[in-house]
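Next comes model.txt, with compact mmCIF, C-alpha atoms and all ligand atoms.
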```
# COMPACT_ATOMS: atom_id res chain seq x y z
CA MET A 1 -45.55 231.21 107.21
CA ARG A 2 -43.74 230.35 110.45
CA GLY A 3 -45.97 228.07 112.54
CA LYS A 4 -48.37 227.43 109.63
CA VAL A 5 -49.35 223.97 108.42
CA VAL A 6 -49.67 223.44 104.65
CA VAL A 7 -51.23 220.27 103.24
CA ILE A 8 -50.28 219.85 99.57
CA THR A 9 -50.88 217.21 96.89
CA GLY A 10 -48.63 216.64 93.88
CA ALA A 11 -45.48 217.95 95.58
CA THR A 12 -43.16 215.16 94.42
CA SER A 13 -42.63 216.99 91.16
CA GLY A 14 -43.10 220.18 89.14
CA ILE A 15 -44.77 223.26 90.51
CA GLY A 16 -46.03 221.45 93.64
CA GLN A 17 -42.50 220.49 94.62
CA VAL A 18 -41.20 224.05 94.21
CA THR A 19 -44.22 225.42 96.10
CA ALA A 20 -43.69 223.03 99.03
CA GLU A 21 -39.99 223.86 99.22
CA THR A 22 -40.57 227.62 98.95
CA LEU A 23 -43.22 227.60 101.68
CA ALA A 24 -40.99 225.41 103.88
CA GLY A 25 -38.24 227.99 103.35
CA MET A 26 -40.67 230.61 104.69
CA GLY A 27 -41.12 228.52 107.85
CA ALA A 28 -44.23 226.42 107.08
CA ARG A 29 -44.58 222.80 108.09
CA ILE A 30 -45.36 220.79 104.96
CA VAL A 31 -47.69 217.79 104.97
CA GLN A 32 -47.56 216.10 101.59
CA VAL A 33 -49.91 213.63 99.96
CA ALA A 34 -48.08 211.52 97.36
CA ARG A 35 -48.73 208.26 95.54
CA ASP A 36 -45.25 206.97 94.74
CA HIS A 37 -43.17 205.88 97.74
CA GLY A 38 -39.79 206.36 96.06
CA ARG A 39 -40.52 209.90 94.87
CA GLY A 40 -42.35 210.66 98.11
CA GLU A 41 -39.40 209.67 100.31
CA ASP A 42 -37.03 211.68 98.07
CA ALA A 43 -39.25 214.76 98.39
CA LEU A 44 -39.55 214.36 102.16
CA LYS A 45 -35.80 213.89 102.52
CA ARG A 46 -35.15 217.09 100.54
CA LEU A 47 -37.51 219.04 102.79
CA ARG A 48 -36.08 217.59 106.00
CA THR A 49 -32.50 218.21 104.90
CA ARG A 50 -33.01 221.76 103.66
CA PHE A 51 -35.53 222.89 106.28
CA PRO A 52 -34.97 220.77 109.40
CA GLU A 53 -36.51 223.22 111.91
CA VAL A 54 -40.01 221.67 111.68
CA ALA A 55 -41.30 218.09 111.30
CA HIS A 56 -42.43 217.82 107.67
CA SER A 57 -44.43 214.67 106.94
CA ILE A 58 -45.94 212.61 104.14
CA TYR A 59 -49.01 210.45 103.53
CA TYR A 60 -49.52 208.09 100.64
CA ALA A 61 -52.60 207.77 98.46
CA ASP A 62 -53.49 207.19 94.83
CA LEU A 63 -55.69 210.26 94.40
CA SER A 64 -57.49 208.80 91.41
CA ARG A 65 -59.24 206.25 93.65
CA LEU A 66 -62.20 207.30 95.77
CA SER A 67 -61.39 204.96 98.66
CA GLU A 68 -57.84 206.32 98.81
CA MET A 69 -58.99 209.96 98.68
CA LYS A 70 -61.33 209.28 101.61
CA ARG A 71 -58.82 207.23 103.60
CA VAL A 72 -56.06 209.82 103.35
CA ALA A 73 -58.46 212.68 104.17
CA SER A 74 -59.57 210.83 107.28
CA GLU A 75 -55.96 210.04 108.33
CA LEU A 76 -54.98 213.68 107.82
CA ALA A 77 -57.99 214.97 109.73
CA GLN A 78 -57.12 212.70 112.66
CA ALA A 79 -53.41 213.53 112.69
CA GLU A 80 -53.56 217.26 111.98
CA PRO A 81 -55.82 219.22 114.33
CA HIS A 82 -54.85 222.49 112.63
CA ILE A 83 -54.54 223.11 108.86
CA ASP A 84 -53.84 226.64 107.64
CA VAL A 85 -53.58 225.96 103.91
CA LEU A 86 -54.82 223.11 101.71
CA ILE A 87 -53.32 223.07 98.20
CA ASN A 88 -55.05 220.71 95.76
CA ASN A 89 -52.48 220.47 93.00
CA ALA A 90 -51.93 216.84 91.86
CA GLY A 91 -53.06 216.43 88.29
CA ALA A 92 -52.47 214.72 84.97
CA MET A 93 -53.83 214.38 81.47
CA PHE A 94 -54.66 210.92 80.13
CA GLY A 95 -54.52 210.76 76.33
CA SER A 96 -56.92 207.85 76.02
CA LEU A 97 -59.84 206.49 78.01
CA HIS A 98 -58.84 204.85 81.30
CA LEU A 99 -61.41 204.00 83.93
CA THR A 100 -60.43 203.82 87.59
CA GLU A 101 -61.51 200.88 89.74
CA ASP A 102 -64.49 203.05 90.76
CA GLY A 103 -65.50 203.26 87.10
CA LEU A 104 -64.58 206.95 86.89
CA GLU A 105 -62.72 208.47 83.94
CA SER A 106 -59.12 208.95 85.17
CA THR A 107 -58.50 212.64 84.33
CA PHE A 108 -61.84 213.60 85.89
CA ALA A 109 -61.18 211.43 88.97
CA LEU A 110 -57.70 212.76 89.71
CA ASN A 111 -58.08 216.38 88.62
CA HIS A 112 -61.56 217.08 89.94
CA MET A 113 -62.94 214.37 92.26
CA ALA A 114 -59.80 214.32 94.43
CA TYR A 115 -59.92 218.11 94.98
CA PHE A 116 -63.54 217.79 96.06
CA VAL A 117 -63.17 214.72 98.30
CA LEU A 118 -59.99 215.88 100.05
CA THR A 119 -61.45 219.32 100.73
CA HIS A 120 -64.68 217.76 101.96
CA GLY A 121 -62.77 215.43 104.30
CA LEU A 122 -60.69 218.30 105.74
CA ARG A 123 -63.53 220.79 105.94
CA GLU A 124 -63.92 220.66 109.73
CA ARG A 125 -60.18 221.11 110.22
CA LEU A 126 -60.10 224.11 107.86
CA LEU A 127 -63.10 225.68 109.57
CA GLY A 128 -61.57 225.11 113.00
CA SER A 129 -58.30 226.69 111.82
CA ALA A 130 -59.83 229.83 110.26
CA PRO A 131 -58.49 232.07 108.90
CA SER A 132 -57.39 229.34 106.49
CA ARG A 133 -57.09 228.92 102.73
CA VAL A 134 -57.94 226.37 100.05
CA ILE A 135 -56.04 226.72 96.77
CA ASN A 136 -56.85 224.70 93.67
CA THR A 137 -54.49 224.45 90.71
CA ALA A 138 -56.63 224.97 87.60
CA SER A 139 -55.45 225.96 84.10
CA ASP A 140 -56.26 228.25 81.20
CA ALA A 141 -56.87 225.01 79.31
CA HIS A 142 -60.41 225.46 80.68
CA THR A 143 -61.15 228.34 78.30
CA ALA A 144 -62.26 226.21 75.35
CA ALA A 145 -64.07 223.67 77.53
CA SER A 146 -67.75 223.21 78.21
CA LEU A 147 -69.43 220.80 80.64
CA ASP A 148 -72.11 218.40 79.49
CA PHE A 149 -74.01 217.06 82.49
CA ASN A 150 -75.23 214.15 80.38
CA ASP A 151 -71.60 213.19 79.83
CA LEU A 152 -69.83 214.76 82.81
CA GLN A 153 -66.92 212.33 82.65
CA SER A 154 -66.50 212.78 78.88
CA LEU A 155 -66.93 209.11 78.00
CA GLN A 156 -68.70 210.14 74.79
CA ALA A 157 -65.93 212.62 74.04
CA PHE A 158 -63.47 209.74 73.97
CA HIS A 159 -65.75 207.51 71.90
CA ASN A 160 -66.74 210.22 69.39
CA SER A 161 -63.40 211.95 68.84
CA ASN A 162 -62.83 212.89 65.23
CA PHE A 163 -59.94 213.27 62.82
CA LEU A 164 -59.78 217.06 63.25
CA GLU A 165 -59.39 216.67 67.00
CA TRP A 166 -56.53 214.25 66.49
CA MET A 167 -54.85 216.63 64.05
CA ARG A 168 -55.26 219.72 66.26
CA PHE A 169 -54.87 218.33 69.78
CA GLY A 170 -53.46 214.81 69.42
CA GLY A 171 -56.83 213.27 70.37
CA PRO A 172 -59.64 213.88 72.86
CA GLY A 173 -57.39 213.90 75.95
CA PHE A 174 -56.79 217.64 75.84
CA LYS A 175 -60.50 218.43 75.65
CA VAL A 176 -61.21 216.15 78.61
CA TYR A 177 -58.35 217.74 80.55
CA GLY A 178 -59.77 221.22 79.80
CA ARG A 179 -63.12 220.14 81.20
CA SER A 180 -61.49 218.87 84.40
CA LYS A 181 -59.81 222.27 84.82
CA LEU A 182 -63.14 224.02 84.22
CA CYS A 183 -64.46 221.82 87.05
CA ASN A 184 -61.63 223.17 89.28
CA ILE A 185 -62.79 226.75 88.75
CA LEU A 186 -66.49 225.98 89.20
CA PHE A 187 -65.68 223.94 92.33
CA THR A 188 -63.65 226.85 93.74
CA ARG A 189 -66.51 229.24 93.04
CA GLU A 190 -69.12 227.10 94.77
CA LEU A 191 -66.77 226.27 97.65
CA ALA A 192 -66.17 229.99 98.24
CA ARG A 193 -69.91 230.61 98.20
CA ARG A 194 -70.54 227.86 100.74
CA LEU A 195 -67.68 229.03 102.97
CA ALA A 196 -68.61 232.72 102.89
CA GLY A 197 -68.26 234.30 106.32
CA THR A 198 -66.37 231.35 107.84
CA GLY A 199 -62.87 232.79 107.45
CA VAL A 200 -61.90 229.98 105.05
CA THR A 201 -61.09 231.34 101.58
CA ALA A 202 -61.02 229.36 98.30
CA ASN A 203 -59.13 230.48 95.20
CA CYS A 204 -57.72 228.85 92.10
CA LEU A 205 -55.07 229.66 89.56
CA HIS A 206 -53.42 229.13 86.22
CA PRO A 207 -49.69 228.53 86.78
CA GLY A 208 -48.70 229.30 83.17
CA PHE A 209 -47.36 226.75 80.72
CA VAL A 210 -44.58 225.14 82.73
CA ALA A 211 -41.84 222.65 81.89
CA THR A 212 -42.56 219.88 84.41
CA ARG A 213 -43.22 216.15 84.06
CA PHE A 214 -46.77 217.09 83.04
CA GLY A 215 -47.80 215.35 79.82
CA ASP A 216 -44.89 212.90 79.82
CA GLN A 217 -47.24 210.01 80.51
CA SER A 218 -50.22 211.19 78.46
CA GLY A 219 -49.10 209.04 75.56
CA GLY A 220 -48.97 209.37 71.77
CA LEU A 221 -49.18 212.70 69.99
CA ILE A 222 -50.09 214.65 73.12
CA SER A 223 -46.84 213.73 74.91
CA PHE A 224 -44.86 214.44 71.75
CA SER A 225 -46.42 217.91 71.23
CA ILE A 226 -46.03 218.87 74.89
CA ARG A 227 -42.39 217.76 74.88
CA ILE A 228 -41.66 220.08 71.94
CA ALA A 229 -43.67 222.99 73.44
CA LYS A 230 -41.88 222.67 76.79
CA ARG A 231 -38.78 224.18 75.22
CA PHE A 232 -40.60 227.51 75.36
CA ALA A 233 -42.27 226.98 78.73
CA LEU A 234 -41.80 228.65 82.13
CA SER A 235 -39.54 227.06 84.72
CA PRO A 236 -41.20 225.25 87.67
CA GLU A 237 -39.96 228.13 89.88
CA GLN A 238 -41.87 230.63 87.71
CA GLY A 239 -44.86 228.30 87.57
CA ALA A 240 -45.00 228.08 91.38
CA GLU A 241 -45.13 231.86 91.94
CA THR A 242 -48.92 232.24 91.98
CA LEU A 243 -49.38 229.17 94.22
CA VAL A 244 -46.88 230.55 96.73
CA TYR A 245 -48.51 233.98 96.55
CA LEU A 246 -52.00 232.59 97.22
CA ALA A 247 -50.74 230.44 100.10
CA SER A 248 -48.72 233.10 101.85
CA SER A 249 -49.51 236.68 100.87
CA PRO A 250 -51.42 238.89 103.33
CA GLU A 251 -52.74 240.71 100.23
CA VAL A 252 -55.16 237.84 99.55
CA ALA A 253 -56.08 237.00 103.13
CA ASN A 254 -59.69 238.09 102.53
CA VAL A 255 -60.00 237.35 98.82
CA THR A 256 -62.15 234.36 97.90
CA GLY A 257 -63.79 232.71 94.89
CA GLN A 258 -61.25 234.13 92.42
CA TYR A 259 -59.17 232.75 89.56
CA PHE A 260 -55.58 234.03 89.50
CA ASP A 261 -52.94 234.28 86.80
CA LYS A 262 -49.48 235.78 87.37
CA CYS A 263 -50.40 236.63 90.98
CA ARG A 264 -53.35 238.76 89.87
CA PRO A 265 -57.08 238.10 89.70
CA ALA A 266 -58.05 237.12 86.15
CA THR A 267 -61.34 236.56 84.39
CA PRO A 268 -61.97 232.92 83.49
CA SER A 269 -64.27 231.82 80.68
CA ARG A 270 -67.94 232.80 80.80
CA GLU A 271 -68.93 229.22 81.67
CA ALA A 272 -66.46 229.19 84.56
CA GLN A 273 -68.48 232.08 86.07
CA ASP A 274 -71.81 230.26 85.85
CA ASP A 275 -73.12 229.88 89.42
CA ALA A 276 -75.92 227.50 88.45
CA LYS A 277 -73.39 225.17 86.78
CA ALA A 278 -71.12 225.43 89.81
CA ARG A 279 -73.97 224.32 92.08
CA ARG A 280 -75.00 221.49 89.83
CA LEU A 281 -71.42 220.28 89.49
CA TRP A 282 -71.12 220.26 93.29
CA GLU A 283 -74.28 218.15 93.65
CA GLU A 284 -73.27 215.70 90.91
CA THR A 285 -69.78 215.36 92.39
CA ALA A 286 -71.10 214.73 95.90
CA ARG A 287 -73.35 212.03 94.45
CA LEU A 288 -70.49 210.37 92.54
CA ALA A 289 -68.22 210.58 95.60
CA GLN A 290 -71.02 209.28 97.84
CA VAL A 291 -70.48 212.00 100.42
CA GLU A 292 -73.07 214.20 102.13
CA ASP A 293 -73.72 217.40 100.19
N1 LIG A 301 -47.27 222.13 83.60
C1 LIG A 301 -48.16 222.97 83.08
O1 LIG A 301 -47.92 223.63 82.05
C2 LIG A 301 -49.48 223.19 83.75
C3 LIG A 301 -50.34 224.20 83.23
C4 LIG A 301 -51.57 224.42 83.85
C5 LIG A 301 -51.94 223.66 84.96
N2 LIG A 301 -51.09 222.68 85.43
C6 LIG A 301 -51.54 221.90 86.59
O2 LIG A 301 -50.52 221.96 87.58
C7 LIG A 301 -50.67 220.82 88.46
C8 LIG A 301 -49.30 220.24 88.74
O3 LIG A 301 -48.76 219.76 87.53
P1 LIG A 301 -47.21 219.84 87.16
O4 LIG A 301 -47.12 220.64 85.93
O5 LIG A 301 -46.39 220.22 88.34
O6 LIG A 301 -47.00 218.31 86.71
P2 LIG A 301 -46.11 217.10 87.27
O7 LIG A 301 -44.67 217.50 87.36
O8 LIG A 301 -46.45 215.95 86.41
O9 LIG A 301 -46.65 216.87 88.76
C9 LIG A 301 -47.88 216.22 88.98
C10 LIG A 301 -47.95 215.78 90.43
O10 LIG A 301 -49.20 215.10 90.62
C11 LIG A 301 -48.94 213.84 91.22
N3 LIG A 301 -49.91 212.81 90.85
C12 LIG A 301 -50.20 212.37 89.60
N4 LIG A 301 -51.08 211.37 89.66
C13 LIG A 301 -51.37 211.16 90.97
C14 LIG A 301 -52.21 210.26 91.66
N5 LIG A 301 -52.95 209.33 91.02
N6 LIG A 301 -52.25 210.33 93.01
C15 LIG A 301 -51.51 211.24 93.69
N7 LIG A 301 -50.69 212.13 93.08
C16 LIG A 301 -50.61 212.08 91.74
C17 LIG A 301 -47.57 213.47 90.70
O11 LIG A 301 -47.02 212.43 91.49
P3 LIG A 301 -45.86 211.42 90.90
O12 LIG A 301 -44.55 212.08 91.24
O13 LIG A 301 -46.11 210.16 91.64
O14 LIG A 301 -46.08 211.30 89.42
C18 LIG A 301 -46.85 214.80 90.81
O15 LIG A 301 -46.44 215.05 92.14
C19 LIG A 301 -51.67 219.89 87.79
O16 LIG A 301 -52.93 220.03 88.41
C20 LIG A 301 -51.73 220.41 86.35
O17 LIG A 301 -52.99 220.15 85.76
C21 LIG A 301 -49.89 222.43 84.86
```

Can you dump the structure from the file as structure tokens?
Amino acid sequence: MRGKVVVITGATSGIGQVTAETLAGMGARIVQVARDHGRGEDALKRLRTRFPEVAHSIYYADLSRLSEMKRVASELAQAEPHIDVLINNAGAMFGSLHLTEDGLESTFALNHMAYFVLTHGLRERLLGSAPSRVINTASDAHTAASLDFNDLQSLQAFHNSNFLEWMRFGGPGFKVYGRSKLCNILFTRELARRLAGTGVTANCLHPGFVATRFGDQSGGLISFSIRIAKRFALSPEQGAETLVYLASSPEVANVTGQYFDKCRPATPSREAQDDAKARRLWEETARLAQVED
């Protein structure tokens, strides 16, 4: 990874933090996108102290807001003429309905829209840097999910949640999160199709169930259940293995459009392999983001 530039979101914590530090240890220059200045400066300081050979940097943006996604993508594109790897990793699960200032459902906005808008904004840089890679952190939480294009942001799912859902999953938040992760896989699939032959690859992954800060802020029963389950979860170091592999291994230099688990290609749900849905999701997302398709 010596001489390579890696742009990564969600590296102030969890698997993103371990991934950034591991890739920096391999010689990469890390360009982070973070939202919280305190955690961002701590993360940057750790990188600069442990791996001082190259000039790691950080940009700030709340990736649940469209204007911020676009602003940071434009700043990055201006400042970084060459990008070898883009890792879309920032994510969260909101237990109840929160709308962003754009009127988007928060889990959908952060977990899906930000991947799309950042990649769109850095597209020319990735193309100009080929061979380059886009890696999207998805999840096996997608397996039970299904998209409804009449309710893409799951507003009805929040309004119509039932008792059984509360008993089994602590409310509708998990279902909505699963849909956002299904979006990650469909987005990766369509991105790979559109980038075919350009030298830019696009893959996604399930990191495993990992003990990070994930779920701490989801609220209510969801946070409680995740906190208990984390006792049996992987460490962030184990959770980062597939991300590091996809960013750095020569074995996957020409692999694109795949979903990985434990550093191996895996088969996602049937719906996650639906090319027509992937195309439609792309078009709907471009419309919501108000960017050219
Ligand atoms: N943990 C698991 O078991 C698991 C399983 C499958 C998939 N995943 C996926 O793995 C990815 C990373 O999660 P993690 O487990 O490492 O969780 P984490 O420790 O909570 O890290 C999440 C990262 O996303 C950032 N983030 C959250 N909201 C943001 C916003 N509005 N704008 C910009 N950045 C924001 C956080 O920044 P702050 O430091 O400011 O909060 C943090 O750096 C997510 O996409 C998640 O869906 C996790």

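The interatomic distance for the pair CA of Val5 (chain A) and CA of Val134 (chain A) works out to 12.2 Å.
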
Using all atoms listed in the file, which residues sit within 12 Å of Val252 (chain A) once same-chain residues fewer than 3 positions away are excluded, as a PDB file with C-alpha atoms, keeping the file's coordinate frame?
```
ATOM      1  CA  PRO A 131     -58.490 232.070 108.900  1.00  0.00           C
ATOM      2  CA  SER A 132     -57.390 229.340 106.490  1.00  0.00           C
ATOM      3  CA  ARG A 133     -57.090 228.920 102.730  1.00  0.00           C
ATOM      4  CA  VAL A 134     -57.940 226.370 100.050  1.00  0.00           C
ATOM      5  CA  ILE A 135     -56.040 226.720  96.770  1.00  0.00           C
ATOM      6  CA  VAL A 200     -61.900 229.980 105.050  1.00  0.00           C
ATOM      7  CA  THR A 201     -61.090 231.340 101.580  1.00  0.00           C
ATOM      8  CA  ALA A 202     -61.020 229.360  98.300  1.00  0.00           C
ATOM      9  CA  ASN A 203     -59.130 230.480  95.200  1.00  0.00           C
ATOM     10  CA  CYS A 204     -57.720 228.850  92.100  1.00  0.00           C
ATOM     11  CA  THR A 242     -48.920 232.240  91.980  1.00  0.00           C
ATOM     12  CA  LEU A 243     -49.380 229.170  94.220  1.00  0.00           C
ATOM     13  CA  VAL A 244     -46.880 230.550  96.730  1.00  0.00           C
ATOM     14  CA  TYR A 245     -48.510 233.980  96.550  1.00  0.00           C
ATOM     15  CA  LEU A 246     -52.000 232.590  97.220  1.00  0.00           C
ATOM     16  CA  ALA A 247     -50.740 230.440 100.100  1.00  0.00           C
ATOM     17  CA  SER A 248     -48.720 233.100 101.850  1.00  0.00           C
ATOM     18  CA  SER A 249     -49.510 236.680 100.870  1.00  0.00           C
ATOM     19  CA  VAL A 255     -60.000 237.350  98.820  1.00  0.00           C
ATOM     20  CA  THR A 256     -62.150 234.360  97.900  1.00  0.00           C
ATOM     21  CA  GLY A 257     -63.790 232.710  94.890  1.00  0.00           C
ATOM     22  CA  GLN A 258     -61.250 234.130  92.420  1.00  0.00           C
ATOM     23  CA  TYR A 259     -59.170 232.750  89.560  1.00  0.00           C
ATOM     24  CA  PHE A 260     -55.580 234.030  89.500  1.00  0.00           C
ATOM     25  CA  CYS A 263     -50.400 236.630  90.980  1.00  0.00           C
ATOM     26  CA  ARG A 264     -53.350 238.760  89.870  1.00  0.00           C
ATOM     27  CA  PRO A 265     -57.080 238.100  89.700  1.00  0.00           C
TER      28      PRO A 265
END
```

Within 9 Å of region 36-41 of chain A, counting all atoms listed in the file, which residues qualify if same-chain residues fewer than 5 places away don't, as a PyMOL selection string? chain A and resi 11-13+46+58-62

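What separates CA of Thr100 (chain A) from CA of Gln156 (chain A) is a distance of 16.5 Å.
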
Would you compute the distance between CA of Phe108 (chain A) and CA of Gln17 (chain A)? Give it in Å to one decimal.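 CA of Gln17 (chain A) lies at a distance of 22.3 Å from CA of Phe108 (chain A).
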
Hey, could you pull the box centre and edge lengths for ligand LIG 301 (chain A), axis-aligned, 5 Å padding per side, all listed atoms, to one decimal in Å, as AutoDock Vina command-line options?
```
--center_x -48.8 --center_y 216.9 --center_z 87.9 --size_x 18.4 --size_y 25.1 --size_z 21.6
```

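With distances taken over all atoms listed in the file, A:Ile226 is the one residue among A:Ile226, A:Ala130, A:Leu195, A:Val7 lying closest to ligand LIG 301 (chain A).
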
Which residue of A:Leu205, A:Ala276, A:Leu86, A:Leu127 approaches ligand LIG 301 (chain A) most closely, using only C-alpha atoms and all ligand atoms: A:Leu205

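Closest approach to ligand LIG 301 (chain A) among A:Ile15, A:Ala114, A:Met26, A:Leu221: A:Ile15, based on only C-alpha atoms and all ligand atoms.
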
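Nearest-residue note for Ala211 (chain A): choosing from A:Ser235, A:Asn162, A:Thr188, A:Asn150, the minimum distance belongs to A:Ser235, counting only C-alpha atoms.
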
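Minimum atom-to-atom distance to ligand LIG 301 (chain A), evaluated using all atoms listed in the file, belongs to A:Ser180 out of A:Thr267, A:Ser223, A:Ser180, A:Ser146.
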
Spatial neighbours of Asp140 (chain A), 10 Å, all atoms listed in the file, chain gap at least 6 places, as JSON, numbers by chain: {"A": [178, 181, 182, 205, 206, 207, 208, 209, 259, 261, 268, 269]}

Env of Ala272 (chain A): 8 Å cut, atoms = only C-alpha atoms, seq-sep filter 6 positions within chain, self excluded. Answer as a ChimeraX atom specification. /A:182,185-186,278

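Between His98 (chain A) and the candidates A:Gln153, A:Gln78, A:Thr198, A:Ser67, the tightest atom-to-atom separation, counting all atoms listed in the file, involves A:Gln153.
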
Residue contacts of Arg279 (chain A) (7 Å, only C-alpha atoms) excluding same-chain residues fewer than 4 positions away, as a PyMOL selection string: chain A and resi 190+275+283
